[in-house]
Structures are given as structure tokens and as C-alpha cells.
Amino acid sequence: MSNFINSLLYGFTNILSVGPEEPKEGDSAGCGSEQGCCKDQPKVKQACQNEAADACCSSSSEPKQNTGCCSSSSEPKQETGCCKDNTVKSETKDTCCQSSDTGKEACACEGEKEPVVIDHLKIIFSTLTGTAKTMASEIENKIRQNDRVTVNKVDIMDITEYDNDNLLQETAICVFILSTYNVEGPLDWFSNWLHDLRYDFRVDRDALKKLRYSVCGLGDSAYGDEFNVAAANIDKWLGRLGATRIYPLGECDKNADQKGQFDTWSNGFVSELEDKQCLEFSPTDISYQSDEEEDEASGEENGEIDIEGSGDEMVDLEDMGNMASKIKAAKARRAEEEEDYENSKAKAKRMIGVDDNKPREKASAPQAREMVSPMIMKNLTKQGYKVIGTHSGVKICRWTKSALRGRGFCYKHAFYGIQSHLCMETTPSLACANKCVFCWRHHTNPVGTTWRWKVDDPQFILDGAMENHYKMIKQLKGVPGVKAERFQEAFTIRHCALSLVGEPIFYPHINDFVTMLHKKRISSFLVTNAQFPDKIAEMVPITQLYVSVDAATKETLKKIDRPLFRDFWERFLNCLEQLALKGQRTVYRMTLVKGHNTAEIDGYVELIRRGKPSFIEVKGVTYCGYSGASDLTMANVPFHVEVIDFCQKLVSKLGGDYEISAEHAHSCSLLIAHKDFKVDGVWHTHIDYNKFFELVESGKPFNSLDYMAKTPEWALHGHEAAGFDPEETRFYRKNRKVVAAPENPDINA
Ligand SMILES: Cc1cc2nc3c(=O)[nH]c(=O)nc-3n(C[C@H](O)[C@H](O)[C@H](O)COP(=O)(O)O)c2cc1C
Ligand code: SF4
């Protein structure tokens, strides 16, 4: 560019200099008083004269601004030296390049390119049988071996290890190698999260504007329309959320030469990295066209094929009938999806008080958005939750209904003296940091490792939870068999199970929340997933603090809880240590999943010694139709006798500190208690609730033994009642007299 300007300047000065006063060679008078003149081609002082050498340039030479002249055939060069024929000065380096290389930027000279420096690149794969992982390593090697690209940091990770929320602030270039499965797979969580983000009306259309990415899908064309859909959708949603696609979607077919296709794609991708320009941010998808227009144009979501327009696409006449019905079905499906989406959107707007008639404020920054998106709201509502504010929920558990009808209470009645109709089950955080395989929420709740959402006031949550709880109780008035006395009692909540869903301890004001409960003389039973040790340490005394202990080894814990934290095991152990320091009633909650964690007794012994819990609740996993959420089946559900057997073995290995104390066969649960709670040979696993509140109000330190109460006979292990309160009426379903099978769909109740 500077050469071009020089030439222009030169031409311009020539024009200016034509005239009677044109300077002549050697005629110093004619060309000005201070400087000499130039031969042949008159030039103005600065243009023709070598200022440094105080000389003139030869007639046919180009003028040069600062130092020396260039030969006639050479191009002028600004600072140092001249460039030869057909070469041009590199704009960044002190060198000349082939003029044919011009048009490329900065380092225009072939062979002289500086390597492109990329600060951070993440290769994220999703796999079930390992292909995507292998390919992720291959692409990593290709990148490392390419000396035209320098990547300061390359991370390679399984998509299940990636914290989705990071995507909103992601500065690394992300390469996704994703295999598609039409059954539950490791990609589902990410895919659902992204879909949710894409269709959440509160999320800015360019929420992912900081992200540069590329997706390569692995699939099998034998799956027809489903070929590579997961990868294709992810590629599409990322683009439509404002991310910059730096290389087109790859589609590698197991039914063809998948490996060869991947090689071609990855070579192309890596060479794209060599071009700095291609790495610049250019989100095109969001400005391209609306979803509806694009979907209509491409038929990608409704399965339409462009019969008229595509030239290549020939449809046989006999296939036309099929095609028409396919299109019709796809359109109907889409209409239904859209209606669902619009309904949930309208509902979410009502919940958060958005008025369409008022000018909308610009959506808040993504990190401050509400936790409950329309999709999550829809799922939770379907499951019977009442969502309070933006991140809390309340639900009536089935035992509350049972208690109202005098048909028995949950296991907490047998173990700790709770009456289910006086208990409210709620959570101030619908989000948690795990994706447990047995999660009965079917993974519809949000996850995260840090709180990135708007925070609601604890008083607002408590008021909302109580109001909704009472509303739900009112709705049970007409249920056949509801006892009037219990119905009346139910309007004074006495207990709060902070365990419904998600991770209650995650809520930033959890201490304020439980303090408010205690002021209302409502006891607190809080269950945590043992991933936030600091939070456990900071917790004020609560009536009973639970930790879910779902596995005894790092490997099994990872398999069962599918934690988001990479240091999940250290966090877990740390939480148990914090528990030991609490000095209050603490409980390990163990959910036995046959074939997953039942054989790890020695590991459990180790964990119990570490956390020294007051109690260990052991419960067989509940089967509630895990289709689509995990691979659990009824075969993973242990029988009550198997749970007893496990507890006996565990107790014998614990060396005399613990014993099985109580039992609730109806929910396949046993209570192992520390012998501190056996006073003069009598179990005291129940709680003196009034005493607990007095101790809290006193403000003085107290411990778990200060508010224990005697366990009734019928609740003791080995008693014929097996934990069923004899005051209640046992109810058997038609054709069913089984009490051993797990019934409670709420693992946390
Ligand atoms: C149970 C099952 C379901 C699958 N579903 C699909 C599908 O819906 N679409 C598709 O393109 N490929 C599908 N595939 C093929 C896989 O995506 C393909 O084999 C891929 O290369 C596997 O990659 P991975 O080894 O990384 O898991 C399926 C494979 C299996 C075993
Ligand atoms: S069971 Fe609890 S901890 Fe596990 S994923 Fe579900 S909500 Fe989270």
C-alpha cells in the first residue's frame, strides 16, 4: 500500500512541477535555493532527492523518501533497500516478496509466514465406543505437528467433563468431535442444554459471540434421517447463538470410509487454522435469516426435501405419496413443538412478570440470567413442581398424601419421628453439580459448578414455598379418605426437607434460609451431594445434615454421580471430613444400585471412618422408569433382604461402633446408627424437635446428643411392624401385597 501511495505522490508532484520554473539539471538557481536539482525528470525536493545522502535519483529511477534510490526496475521501498523486479515490499518484514503473493495480508511472502499463534484450543469429544476419542487425539497430533500453527495450550476432554456454562465465556477455540446416538448418550446433556439456550427468549441471540468453533460429527448413514443429527444440531445451534464457525461441519459415516472422511475434514480444519483471517470473529448465522425462514428454506427441521428446486434431488413418482405424508407428519410435529414452545414461553413470562406491552429491557448478561428456562420450567411443571421465583421449587411428596389419608408415613417417621403431612419438601436451588444415573428428575434440572444465576431473596423463597405447599395441600381436600384432622394439621408446617431436587447448599443464602425456618419452628433436613466442602463448613447448625454417599470409590462415584467437577473425589472426601467436624446430627445417605455399588463394602467402611456420621441410611434404589435418562433397570433394584444383608456386612466391618437400629421395609430402607444414640440399651434415633429449637434459640454450642429422643418399638429393626406405625392403616393395592419392593419415587423424600 505504501508503494502505491508513493507512486501517486510522485505522479502528483510531477504534475505540480511542470511550468516555467521547472528546475533543470545542475541549475541550482532554477530549482530552489536550498537544494540541488535532479536530472531529466524534475521532482520536488523531497521526492527526488535522497535526503540522507543528499543526492539525486537517476532519471529512470523511482524517487524514494528517506534513504537511497531504487534502481529503475525496482520498486520503491520505504525504509530499507529496494525490491527487485516483480517483487514487492512486505508490509511487516524487512523483505521483498513475489508480487504474485500480494493480496494476502501482512506476511505476504510465501515461505516466510509467521506461524499463527492460538492461545488456547479445546478438543471436546463425545463417545460411547471410543471412536470420537481416538479421532480427538488424532486431530490433536495434527495440530501439534503443524509448524505453521502454534497453539499455546491444547486441552482434550470428554464432553461430560465440560461445564456447559463455560461456553458463554469461552475464549478457547473449541473443536467438537461428536458421535450421534439415537439412545441415551453422553452428548444428551450438552445437547439439551444448548437447545434450551437457543430457544430461551431471555438469552441474547449472540450469547455465544465469544466462541469460535467447529464441529465434526461421527455417525452411520444406515440411520437414515437420523444420520449425524446430534452433531448437525449442535453445529447449527452454536452458530445461531452467535458463535463463529471457523470450519464447516464434518460428517463422517461409519457406513462408508469414516476414517478417511475424518482425515480429510481434520486436514482441512488444521489448514484453516493456518490462516489468521479465518480465525477472526464473524458470526454469520444470527444475521443470516430467522429460524423459520431457514428451516423452511432448507427443510432441515421438518424433514422436507426440495423436490422442485434441487435439480439433483429426483423423487420417484411412487415415492411421492410417502414423501407427502412424511412432510405432513413433519409439519404437524413442528407445529406441535412450536405450540409447546410458545406456551412455555408465555408461562415463563408470566412467572417472571414480563409484560409484552411494556418495552422490553435488553436481556441481562448471560451469566446473570434466571436459572429456570422455559424448557426446564415445562419439565418441572410436568413433574408436579411449583417453581418459586427463578431457582427454587416445592412439591408434595406422595407420603404427604398417604399421611393425610392415614395410610402411613415415610421412613423419616420411623427413623426420626417426622409426620409426612407436616413436612414440606422444597429446594432453594434446582441446580446441582451432578448428573446422577438414578436421578428421578430425568436430568431436567440445570447443572453448574458455580452459581451463575440471578439470586432470589430467602424470605421470598420461603413465603413462596409455604404458600404453594399450602395450595397443593388444599387441592387434596377432595381426595377420598383424607382425614379431616390431618388435613387441618397440615396447614402448620413442622419440617422442611431440603432435598427435593438439585443442591440446596448451592444457594448463596442457604444459612439465612434455614435460620428463617428455625424461627418458625420448622425443622431442617438438608441433603447435599458432597461437592461443596466450604459450604458445609459454613453451614449454621441444622436439625439434620445429610450427605449423599452414592459410591465408595472414585471410579464408581464418577460412574454413578457423573459429577461436573474434575476434582470431584477430593471435594467429596473433603466434605466428609467437614461433616466429622460439625458435631451435629449427620447422616450418610447411601442408595444401593445393584451391580454398581453394592460390592464396595470396604470402601464404605473407609468413608464412614473418615466422616464419622451419626447415622447411615441405606436404601435400595427406586425404579421409576429410567428410559432415556440412564441404563438402570429393575435388575438394579435390590430387594429389602439384600439391603439388610448389605447393612449387616457393613456393620460387622465397622468394628462395633455402629449397629442397625431402625427399618422401614416399605421403602426398602434401613438405619444404621452410632452407638452413642443407644442410651442404656435403648435406641434414641428420634428427635426432640422442641429441644432443638430451644438449643438454637439459646445461641450456645450444642451437639447431636442434646436433642435425641427414644425410638418407638415398632420402628426398630427386627420388629414385626418393620417400620410401619401401627396407628396407621396399612393399604394394599389390588393384586399386590408386596412391601419389599421400593415404592417411593422420591429418592430424597
Ligand atoms: C445404539 C446405537 C445408536 C446409534 N444411533 C445413531 C444415529 O441415530 N445416527 C447416526 O448417525 N449414527 C448412529 N449410531 C452410529 C454411531 O454414531 C457411530 O457408530 C459412531 O461412529 C460411534 O462413535 P463412538 O465410537 O465415538 O461412540 C448409533 C450406534 C449405536 C451403536
Ligand atoms: S439425584 Fe440429586 S444430586 Fe443427583 S443429579 Fe439428581 S438432583 Fe442432582
# chains A, B, ... in the order shown; residues from 1 in each chain; ligands from 1
>>> residues_around(residues="His391 (chain A)", least_positions_apart="2", cutoff="8 Å", atoms="only C-alpha atoms", output="VMD selection string")
chain A and resid 370 to 372 387 to 389 393 428 to 431 455 to 456
>>> write_last_selection(atoms="C-alpha atoms", output="PDB file, in the first residue's frame")
ATOM      1  CA  GLU A 370     -32.605 -16.838  35.541  1.00  0.00           C
ATOM      2  CA  MET A 371     -31.867 -20.465  36.267  1.00  0.00           C
ATOM      3  CA  VAL A 372     -35.222 -21.816  35.163  1.00  0.00           C
ATOM      4  CA  VAL A 387     -41.383 -23.207  40.719  1.00  0.00           C
ATOM      5  CA  ILE A 388     -40.797 -20.263  43.041  1.00  0.00           C
ATOM      6  CA  GLY A 389     -39.064 -17.228  41.628  1.00  0.00           C
ATOM      7  CA  GLY A 393     -39.097 -25.389  43.805  1.00  0.00           C
ATOM      8  CA  PRO A 428     -33.766 -23.210  47.052  1.00  0.00           C
ATOM      9  CA  SER A 429     -31.574 -24.462  44.208  1.00  0.00           C
ATOM     10  CA  LEU A 430     -32.962 -26.522  41.371  1.00  0.00           C
ATOM     11  CA  ALA A 431     -29.433 -26.739  40.012  1.00  0.00           C
ATOM     12  CA  VAL A 455     -30.258 -14.826  43.274  1.00  0.00           C
ATOM     13  CA  ASP A 456     -33.718 -14.617  44.866  1.00  0.00           C
TER      14      ASP A 456
END
>>> closest_atom_pairs(of="chain A", to="ligand 1", cutoff="7 Å", atoms="only C-alpha atoms and all ligand atoms", output="JSON lines")
{"residue": "A:Ser126", "atom": "CA", "partner": "ligand 1", "partner_atom_place_in_ligand_line": "26 (O)", "distance": 6.3}
{"residue": "A:Thr127", "atom": "CA", "partner": "ligand 1", "partner_atom_place_in_ligand_line": "26 (O)", "distance": 3.6}
{"residue": "A:Leu128", "atom": "CA", "partner": "ligand 1", "partner_atom_place_in_ligand_line": "27 (O)", "distance": 3.7}
{"residue": "A:Thr129", "atom": "CA", "partner": "ligand 1", "partner_atom_place_in_ligand_line": "25 (O)", "distance": 3.6}
{"residue": "A:Gly130", "atom": "CA", "partner": "ligand 1", "partner_atom_place_in_ligand_line": "25 (O)", "distance": 4.1}
{"residue": "A:Thr131", "atom": "CA", "partner": "ligand 1", "partner_atom_place_in_ligand_line": "25 (O)", "distance": 3.6}
{"residue": "A:Ala132", "atom": "CA", "partner": "ligand 1", "partner_atom_place_in_ligand_line": "26 (O)", "distance": 3.7}
{"residue": "A:Lys133", "atom": "CA", "partner": "ligand 1", "partner_atom_place_in_ligand_line": "26 (O)", "distance": 6.3}
{"residue": "A:Leu178", "atom": "CA", "partner": "ligand 1", "partner_atom_place_in_ligand_line": "26 (O)", "distance": 6.9}
{"residue": "A:Ser179", "atom": "CA", "partner": "ligand 1", "partner_atom_place_in_ligand_line": "17 (O)", "distance": 4.5}
{"residue": "A:Thr180", "atom": "CA", "partner": "ligand 1", "partner_atom_place_in_ligand_line": "17 (O)", "distance": 4.1}
{"residue": "A:Tyr181", "atom": "CA", "partner": "ligand 1", "partner_atom_place_in_ligand_line": "5 (N)", "distance": 3.5}
{"residue": "A:Asn182", "atom": "CA", "partner": "ligand 1", "partner_atom_place_in_ligand_line": "8 (O)", "distance": 3.9}
{"residue": "A:Val183", "atom": "CA", "partner": "ligand 1", "partner_atom_place_in_ligand_line": "3 (C)", "distance": 5.8}
{"residue": "A:Leu218", "atom": "CA", "partner": "ligand 1", "partner_atom_place_in_ligand_line": "21 (O)", "distance": 4.7}
{"residue": "A:Gly219", "atom": "CA", "partner": "ligand 1", "partner_atom_place_in_ligand_line": "11 (O)", "distance": 3.3}
{"residue": "A:Asp220", "atom": "CA", "partner": "ligand 1", "partner_atom_place_in_ligand_line": "12 (N)", "distance": 4.0}
{"residue": "A:Ser221", "atom": "CA", "partner": "ligand 1", "partner_atom_place_in_ligand_line": "11 (O)", "distance": 5.7}
{"residue": "A:Tyr223", "atom": "CA", "partner": "ligand 1", "partner_atom_place_in_ligand_line": "9 (N)", "distance": 5.1}
{"residue": "A:Glu226", "atom": "CA", "partner": "ligand 1", "partner_atom_place_in_ligand_line": "9 (N)", "distance": 4.7}
{"residue": "A:Phe227", "atom": "CA", "partner": "ligand 1", "partner_atom_place_in_ligand_line": "11 (O)", "distance": 3.2}
{"residue": "A:Asn228", "atom": "CA", "partner": "ligand 1", "partner_atom_place_in_ligand_line": "11 (O)", "distance": 3.9}
{"residue": "A:Val229", "atom": "CA", "partner": "ligand 1", "partner_atom_place_in_ligand_line": "9 (N)", "distance": 6.4}
{"residue": "A:Lys254", "atom": "CA", "partner": "ligand 1", "partner_atom_place_in_ligand_line": "21 (O)", "distance": 5.4}
>>> write_last_selection(atoms="C-alpha atoms", output="PDB file, in the first residue's frame")
ATOM      1  CA  SER A 126     -18.453 -37.296  22.886  1.00  0.00           C
ATOM      2  CA  THR A 127     -18.239 -41.018  22.527  1.00  0.00           C
ATOM      3  CA  LEU A 128     -19.713 -44.302  23.624  1.00  0.00           C
ATOM      4  CA  THR A 129     -17.463 -46.750  21.863  1.00  0.00           C
ATOM      5  CA  GLY A 130     -14.297 -44.707  21.644  1.00  0.00           C
ATOM      6  CA  THR A 131     -14.055 -43.599  18.002  1.00  0.00           C
ATOM      7  CA  ALA A 132     -14.553 -39.915  18.721  1.00  0.00           C
ATOM      8  CA  LYS A 133     -11.922 -40.064  21.439  1.00  0.00           C
ATOM      9  CA  LEU A 178     -19.336 -35.784  18.383  1.00  0.00           C
ATOM     10  CA  SER A 179     -20.888 -39.143  17.716  1.00  0.00           C
ATOM     11  CA  THR A 180     -24.647 -39.369  17.325  1.00  0.00           C
ATOM     12  CA  TYR A 181     -26.728 -41.931  19.185  1.00  0.00           C
ATOM     13  CA  ASN A 182     -30.447 -42.391  18.990  1.00  0.00           C
ATOM     14  CA  VAL A 183     -30.361 -43.808  22.512  1.00  0.00           C
ATOM     15  CA  LEU A 218     -19.482 -39.253  13.582  1.00  0.00           C
ATOM     16  CA  GLY A 219     -22.498 -41.284  12.639  1.00  0.00           C
ATOM     17  CA  ASP A 220     -23.826 -44.006  10.479  1.00  0.00           C
ATOM     18  CA  SER A 221     -25.856 -43.317   7.337  1.00  0.00           C
ATOM     19  CA  TYR A 223     -29.703 -44.475  10.466  1.00  0.00           C
ATOM     20  CA  GLU A 226     -31.011 -39.560  11.926  1.00  0.00           C
ATOM     21  CA  PHE A 227     -27.558 -39.599  10.377  1.00  0.00           C
ATOM     22  CA  ASN A 228     -25.324 -37.296  12.375  1.00  0.00           C
ATOM     23  CA  VAL A 229     -28.275 -35.292  13.666  1.00  0.00           C
ATOM     24  CA  LYS A 254     -19.366 -45.411   9.714  1.00  0.00           C
TER      25      LYS A 254
END
>>> select_by_dssp(residues="region 152-226 of chain A", states="strand (DSSP E)", output="PDB file with N, CA and C atoms, in the first residue's frame")
ATOM      1  N   ASN A 152      -0.681 -22.503  22.097  1.00  0.00           N
ATOM      2  CA  ASN A 152      -0.042 -22.465  23.419  1.00  0.00           C
ATOM      3  C   ASN A 152      -0.588 -23.529  24.359  1.00  0.00           C
ATOM      4  N   LYS A 153      -1.884 -23.791  24.253  1.00  0.00           N
ATOM      5  CA  LYS A 153      -2.467 -24.783  25.170  1.00  0.00           C
ATOM      6  C   LYS A 153      -3.532 -25.586  24.434  1.00  0.00           C
ATOM      7  N   VAL A 154      -3.379 -26.898  24.444  1.00  0.00           N
ATOM      8  CA  VAL A 154      -4.419 -27.750  23.844  1.00  0.00           C
ATOM      9  C   VAL A 154      -5.001 -28.619  24.950  1.00  0.00           C
ATOM     10  N   ASP A 155      -6.312 -28.550  25.124  1.00  0.00           N
ATOM     11  CA  ASP A 155      -6.989 -29.437  26.083  1.00  0.00           C
ATOM     12  C   ASP A 155      -7.817 -30.425  25.291  1.00  0.00           C
ATOM     13  N   ILE A 156      -7.835 -31.630  25.769  1.00  0.00           N
ATOM     14  CA  ILE A 156      -8.657 -32.632  25.108  1.00  0.00           C
ATOM     15  C   ILE A 156      -9.550 -33.212  26.199  1.00  0.00           C
ATOM     16  N   MET A 157     -10.835 -33.210  25.997  1.00  0.00           N
ATOM     17  CA  MET A 157     -11.712 -33.618  27.105  1.00  0.00           C
ATOM     18  C   MET A 157     -13.016 -34.248  26.608  1.00  0.00           C
ATOM     19  N   ASP A 158     -13.567 -35.068  27.487  1.00  0.00           N
ATOM     20  CA  ASP A 158     -14.867 -35.675  27.248  1.00  0.00           C
ATOM     21  C   ASP A 158     -15.925 -34.599  27.476  1.00  0.00           C
ATOM     22  N   ILE A 173     -10.624 -21.727  21.227  1.00  0.00           N
ATOM     23  CA  ILE A 173     -11.278 -22.266  20.031  1.00  0.00           C
ATOM     24  C   ILE A 173     -11.704 -23.686  20.382  1.00  0.00           C
ATOM     25  N   CYS A 174     -12.954 -24.026  20.122  1.00  0.00           N
ATOM     26  CA  CYS A 174     -13.438 -25.358  20.508  1.00  0.00           C
ATOM     27  C   CYS A 174     -13.712 -26.208  19.277  1.00  0.00           C
ATOM     28  N   VAL A 175     -13.119 -27.376  19.261  1.00  0.00           N
ATOM     29  CA  VAL A 175     -13.388 -28.337  18.190  1.00  0.00           C
ATOM     30  C   VAL A 175     -14.188 -29.452  18.824  1.00  0.00           C
ATOM     31  N   PHE A 176     -15.369 -29.710  18.292  1.00  0.00           N
ATOM     32  CA  PHE A 176     -16.229 -30.754  18.846  1.00  0.00           C
ATOM     33  C   PHE A 176     -16.197 -31.970  17.922  1.00  0.00           C
ATOM     34  N   ILE A 177     -15.842 -33.107  18.471  1.00  0.00           N
ATOM     35  CA  ILE A 177     -15.895 -34.361  17.706  1.00  0.00           C
ATOM     36  C   ILE A 177     -17.012 -35.180  18.362  1.00  0.00           C
ATOM     37  N   LEU A 178     -18.142 -35.275  17.698  1.00  0.00           N
ATOM     38  CA  LEU A 178     -19.336 -35.784  18.383  1.00  0.00           C
ATOM     39  C   LEU A 178     -19.986 -36.951  17.642  1.00  0.00           C
ATOM     40  N   SER A 179     -20.180 -38.038  18.350  1.00  0.00           N
ATOM     41  CA  SER A 179     -20.888 -39.143  17.716  1.00  0.00           C
ATOM     42  C   SER A 179     -22.370 -39.057  18.078  1.00  0.00           C
ATOM     43  N   ARG A 212     -15.405 -19.413  19.151  1.00  0.00           N
ATOM     44  CA  ARG A 212     -15.068 -19.851  17.796  1.00  0.00           C
ATOM     45  C   ARG A 212     -15.025 -21.377  17.831  1.00  0.00           C
ATOM     46  N   TYR A 213     -15.643 -22.016  16.863  1.00  0.00           N
ATOM     47  CA  TYR A 213     -15.800 -23.460  16.988  1.00  0.00           C
ATOM     48  C   TYR A 213     -15.835 -24.145  15.632  1.00  0.00           C
ATOM     49  N   SER A 214     -15.754 -25.442  15.706  1.00  0.00           N
ATOM     50  CA  SER A 214     -16.007 -26.266  14.541  1.00  0.00           C
ATOM     51  C   SER A 214     -16.486 -27.620  15.039  1.00  0.00           C
ATOM     52  N   VAL A 215     -17.417 -28.208  14.317  1.00  0.00           N
ATOM     53  CA  VAL A 215     -17.985 -29.493  14.759  1.00  0.00           C
ATOM     54  C   VAL A 215     -17.725 -30.553  13.703  1.00  0.00           C
ATOM     55  N   CYS A 216     -17.316 -31.724  14.155  1.00  0.00           N
ATOM     56  CA  CYS A 216     -17.232 -32.865  13.252  1.00  0.00           C
ATOM     57  C   CYS A 216     -18.088 -33.978  13.835  1.00  0.00           C
ATOM     58  N   GLY A 217     -19.020 -34.468  13.051  1.00  0.00           N
ATOM     59  CA  GLY A 217     -19.921 -35.496  13.547  1.00  0.00           C
ATOM     60  C   GLY A 217     -19.496 -36.881  13.086  1.00  0.00           C
ATOM     61  N   LEU A 218     -19.692 -37.854  13.958  1.00  0.00           N
ATOM     62  CA  LEU A 218     -19.482 -39.253  13.582  1.00  0.00           C
ATOM     63  C   LEU A 218     -20.839 -39.935  13.664  1.00  0.00           C
ATOM     64  N   GLY A 219     -21.206 -40.618  12.630  1.00  0.00           N
ATOM     65  CA  GLY A 219     -22.498 -41.284  12.639  1.00  0.00           C
ATOM     66  C   GLY A 219     -22.494 -42.442  11.683  1.00  0.00           C
TER      67      GLY A 219
END
>>> closest_residue(among="A:Phe460, A:Phe506, A:Phe409, A:Phe646", to="ligand 2", atoms="only C-alpha atoms and all ligand atoms")
A:Phe506
>>> closest_residue(among="A:Arg609, A:Lys649, A:Lys558, A:Lys710", to="ligand 2", atoms="only C-alpha atoms and all ligand atoms")
A:Lys558
>>> residues_around(residues="Tyr470 (chain A)", least_positions_apart="2", cutoff="10 Å", atoms="only C-alpha atoms", output="MDAnalysis selection string")
chainID A and resid 396 424 464:468 472:476 490:493
>>> closest_residue(among="A:Arg562, A:Arg610, A:Arg589, A:His686", to="ligand 2", atoms="only C-alpha atoms and all ligand atoms")
A:Arg562
>>> residues_around(residues="region 528-539 of chain A", least_positions_apart="6", cutoff="6 Å", atoms="only C-alpha atoms", output="list of chain:residue names")
A:Glu503, A:Val547, A:Ser548, A:Arg571, A:Phe572, A:Asn574, A:Cys575, A:Gln578
>>> write_last_selection(atoms="N, CA and C atoms", output="CSV table (one decimal), in the first residue's frame")
chain,number,residue,atom,x,y,z
A,503,GLU,N,-29.2,-29.0,44.5
A,503,GLU,CA,-28.2,-28.9,45.5
A,503,GLU,C,-28.6,-27.7,46.4
A,547,VAL,N,-25.4,-36.2,53.8
A,547,VAL,CA,-24.5,-36.2,52.6
A,547,VAL,C,-24.9,-37.5,51.8
A,548,SER,N,-25.1,-37.3,50.5
A,548,SER,CA,-25.3,-38.5,49.7
A,548,SER,C,-24.0,-39.2,49.4
A,571,ARG,N,-13.1,-33.3,46.5
A,571,ARG,CA,-14.2,-32.5,47.1
A,571,ARG,C,-15.1,-33.4,48.0
A,572,PHE,N,-15.4,-34.5,47.5
A,572,PHE,CA,-16.2,-35.5,48.2
A,572,PHE,C,-15.6,-35.8,49.5
A,574,ASN,N,-13.3,-34.3,51.1
A,574,ASN,CA,-13.2,-33.1,52.0
A,574,ASN,C,-14.5,-32.8,52.7
A,575,CYS,N,-15.6,-33.0,51.9
A,575,CYS,CA,-17.0,-32.8,52.5
A,575,CYS,C,-17.2,-33.7,53.7
A,578,GLN,N,-15.3,-32.5,56.6
A,578,GLN,CA,-16.1,-31.3,57.2
A,578,GLN,C,-17.2,-31.8,58.1
>>> atom_distance(atom1="CA of Asn164 (chain A)", atom2="CA of Leu187 (chain A)")
11.4 Å
>>> decode(residues="region 597-617 of chain A", atoms="C-alpha atoms", output="mmCIF file, in the first residue's frame")
data_model
loop_
_atom_site.group_PDB
_atom_site.id
_atom_site.type_symbol
_atom_site.label_atom_id
_atom_site.label_comp_id
_atom_site.auth_asym_id
_atom_site.auth_seq_id
_atom_site.Cartn_x
_atom_site.Cartn_y
_atom_site.Cartn_z
ATOM 1 C CA ASN A 597 -22.097 -50.006 44.207
ATOM 2 C CA THR A 598 -23.214 -52.927 46.330
ATOM 3 C CA ALA A 599 -19.862 -54.720 46.323
ATOM 4 C CA GLU A 600 -17.730 -51.922 47.717
ATOM 5 C CA ILE A 601 -18.168 -52.538 51.418
ATOM 6 C CA ASP A 602 -14.524 -51.953 52.364
ATOM 7 C CA GLY A 603 -14.585 -48.620 50.610
ATOM 8 C CA TYR A 604 -17.693 -47.581 52.528
ATOM 9 C CA VAL A 605 -16.077 -48.568 55.808
ATOM 10 C CA GLU A 606 -13.207 -46.254 54.966
ATOM 11 C CA LEU A 607 -15.565 -43.385 54.145
ATOM 12 C CA ILE A 608 -17.557 -43.882 57.340
ATOM 13 C CA ARG A 609 -14.391 -43.761 59.418
ATOM 14 C CA ARG A 610 -13.479 -40.529 57.684
ATOM 15 C CA GLY A 611 -16.776 -38.651 58.171
ATOM 16 C CA LYS A 612 -17.950 -40.302 61.447
ATOM 17 C CA PRO A 613 -21.640 -39.765 60.703
ATOM 18 C CA SER A 614 -24.244 -40.138 63.443
ATOM 19 C CA PHE A 615 -26.345 -42.265 61.125
ATOM 20 C CA ILE A 616 -26.162 -44.157 57.874
ATOM 21 C CA GLU A 617 -29.358 -44.522 55.921
#
